[in-house]
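Okay, structure first, notes after.
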Amino acid sequence: MELRNGEDTVMIGPPCGAIQAQADVTSTEIRVDMNRAAIAAIACEEPVASMDRWVHTFIGEPITYTWDEDVLTMTNNNGSLTFRRAETT
């Protein structure tokens with residue numbers, strides 16, 4: 001995520017092609033504006049194409065999230081994603 005032209009912008013890298021879109025972000029929710037999204041058109045074979053479709057479906061709905069400095073958990077009616085901070089040495 002970054003601030004571009006005064007708007008929160010997300011860059012998402014699903015398996016088949018990158019997505020860039022404006023988003024509304026609050027302290028508990030992310031809403032990605034898929035109506036204004038730029039999506040790379042790259043064909044994929046199954047099962048990777050199904051994973052890509054799931055990511056598109058997931059970000060198309062409002063996402064609630066929690067972040068405790070080590071773990072980011074994002075959830076909506078389509079499922080959830082959990083990311084852990086990478087170890088640095």
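Residue numbers start at 1 in each chain; chains themselves are named A, B, ... in the order of the structure tokens; ligands are numbered from 1 in the order shown.
Using only C-alpha atoms, the protein and nucleic acid residues lying no more than 12 Å from Gly17 in chain A, apart from those fewer than 5 places from it along its own chain, are Met11, Ile12, Ala38, Ile39, Ala40, Ala41, Ile42, Ala43, Cys44, Val48, Ala49, Met51, Asp52, Arg53, Val55 and His56 of chain A.
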Check which residues of range 15-42 of chain A sit at most 12 Å from range 76-79 of chain A using only C-alpha atoms, and return one row each with the closest pair of atoms and their distance in Å to one decimal, ordered by chain and rising number, as CSV.
residue,atom,partner,partner_atom,distance
A:Thr28,CA,A:Asn76,CA,11.9
A:Glu29,CA,A:Asn76,CA,9.9
A:Ile30,CA,A:Asn76,CA,10.2
A:Arg31,CA,A:Asn76,CA,10.8
Convert the current residue selection to file output with all heavy atoms, as a PDB file, in the first residue's frame.
ATOM      1  N   THR A  28      -9.863  -0.560  10.760  1.00  0.00           N
ATOM      2  CA  THR A  28     -10.282  -1.965  10.836  1.00  0.00           C
ATOM      3  C   THR A  28     -10.714  -2.563   9.496  1.00  0.00           C
ATOM      4  O   THR A  28     -10.976  -3.760   9.432  1.00  0.00           O
ATOM      5  CB  THR A  28     -11.476  -2.126  11.807  1.00  0.00           C
ATOM      6  OG1 THR A  28     -12.564  -1.329  11.334  1.00  0.00           O
ATOM      7  CG2 THR A  28     -11.092  -1.723  13.218  1.00  0.00           C
ATOM      8  N   GLU A  29     -10.783  -1.755   8.441  1.00  0.00           N
ATOM      9  CA  GLU A  29     -11.353  -2.261   7.190  1.00  0.00           C
ATOM     10  C   GLU A  29     -10.640  -1.692   5.968  1.00  0.00           C
ATOM     11  O   GLU A  29     -10.193  -0.552   5.972  1.00  0.00           O
ATOM     12  CB  GLU A  29     -12.840  -1.897   7.124  1.00  0.00           C
ATOM     13  CG  GLU A  29     -13.559  -2.488   5.933  1.00  0.00           C
ATOM     14  CD  GLU A  29     -15.035  -2.183   5.949  1.00  0.00           C
ATOM     15  OE1 GLU A  29     -15.410  -1.042   5.597  1.00  0.00           O
ATOM     16  OE2 GLU A  29     -15.813  -3.076   6.321  1.00  0.00           O
ATOM     17  N   ILE A  30     -10.563  -2.524   4.923  1.00  0.00           N
ATOM     18  CA  ILE A  30     -10.037  -2.121   3.619  1.00  0.00           C
ATOM     19  C   ILE A  30     -11.126  -2.389   2.587  1.00  0.00           C
ATOM     20  O   ILE A  30     -11.681  -3.494   2.543  1.00  0.00           O
ATOM     21  CB  ILE A  30      -8.779  -2.918   3.239  1.00  0.00           C
ATOM     22  CG1 ILE A  30      -7.690  -2.752   4.292  1.00  0.00           C
ATOM     23  CG2 ILE A  30      -8.278  -2.510   1.852  1.00  0.00           C
ATOM     24  CD1 ILE A  30      -6.525  -3.707   4.128  1.00  0.00           C
ATOM     25  N   ARG A  31     -11.417  -1.385   1.763  1.00  0.00           N
ATOM     26  CA  ARG A  31     -12.342  -1.550   0.636  1.00  0.00           C
ATOM     27  C   ARG A  31     -11.583  -1.186  -0.640  1.00  0.00           C
ATOM     28  O   ARG A  31     -11.249  -0.029  -0.853  1.00  0.00           O
ATOM     29  CB  ARG A  31     -13.569  -0.654   0.778  1.00  0.00           C
ATOM     30  CG  ARG A  31     -14.501  -1.097   1.877  1.00  0.00           C
ATOM     31  CD  ARG A  31     -15.696  -0.131   1.993  1.00  0.00           C
ATOM     32  NE  ARG A  31     -16.581  -0.566   3.029  1.00  0.00           N
ATOM     33  CZ  ARG A  31     -17.746  -1.206   2.814  1.00  0.00           C
ATOM     34  NH1 ARG A  31     -18.118  -1.444   1.579  1.00  0.00           N
ATOM     35  NH2 ARG A  31     -18.490  -1.585   3.818  1.00  0.00           N
TER      36      ARG A  31
END
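Around Trp67 in chain A, within 10 Å and counting only C-alpha atoms, the residues found are Ser27, Thr28, Tyr65, Glu69, Asp70, Val71, Leu72, Thr73, Met74, Thr82, Phe83 and Arg84 of chain A, once anything fewer than 2 positions away on its own chain is removed.
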| message | One number please: CA of Asn5 in chain A to CA of Leu81 in chain A, in Å, one decimal. | response | 28.1 Å
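Shortest atom-to-atom contact with Gly13 in chain A among A:Asp68, A:Thr26, A:Ile59, A:Thr88: A:Ile59, counting only C-alpha atoms.
Here CA of Gln22 in chain A stands at a distance of 28.7 Å from CA of Glu46 in chain A.
From CA of Val10 in chain A back to CA of Val32 in chain A, the distance works out to 7.7 Å.
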| query | Looking at A:Gly60, A:Thr9, A:Ala18, A:Arg4, which one is nearest to Met34 in chain A, with distances taken over only C-alpha atoms? | reply | A:Gly60
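Between Ser80 in chain A and the residues A:Asp8, A:Asp33, A:Asp24, A:Glu61, the shortest atom-to-atom distance, using only C-alpha atoms, involves A:Glu61.
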| message | When DSSP is applied to the backbone of this structure, which of chain A are assigned strand (DSSP E)? Write them out as a PyMOL selection string. | response | chain A and resi 2-4+7-12+19-25+29-32+38-39+63-67+71-76+79-84
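Taking only C-alpha atoms into account, Trp54 in chain A lies nearest to A:Cys16 out of the set A:Ala86, A:Val25, A:Cys16, A:Leu3.
Across A:Gln20, A:Glu7, A:Met1, A:Pro15, the tightest approach to Glu45 in chain A is made by A:Pro15 when counting only C-alpha atoms.
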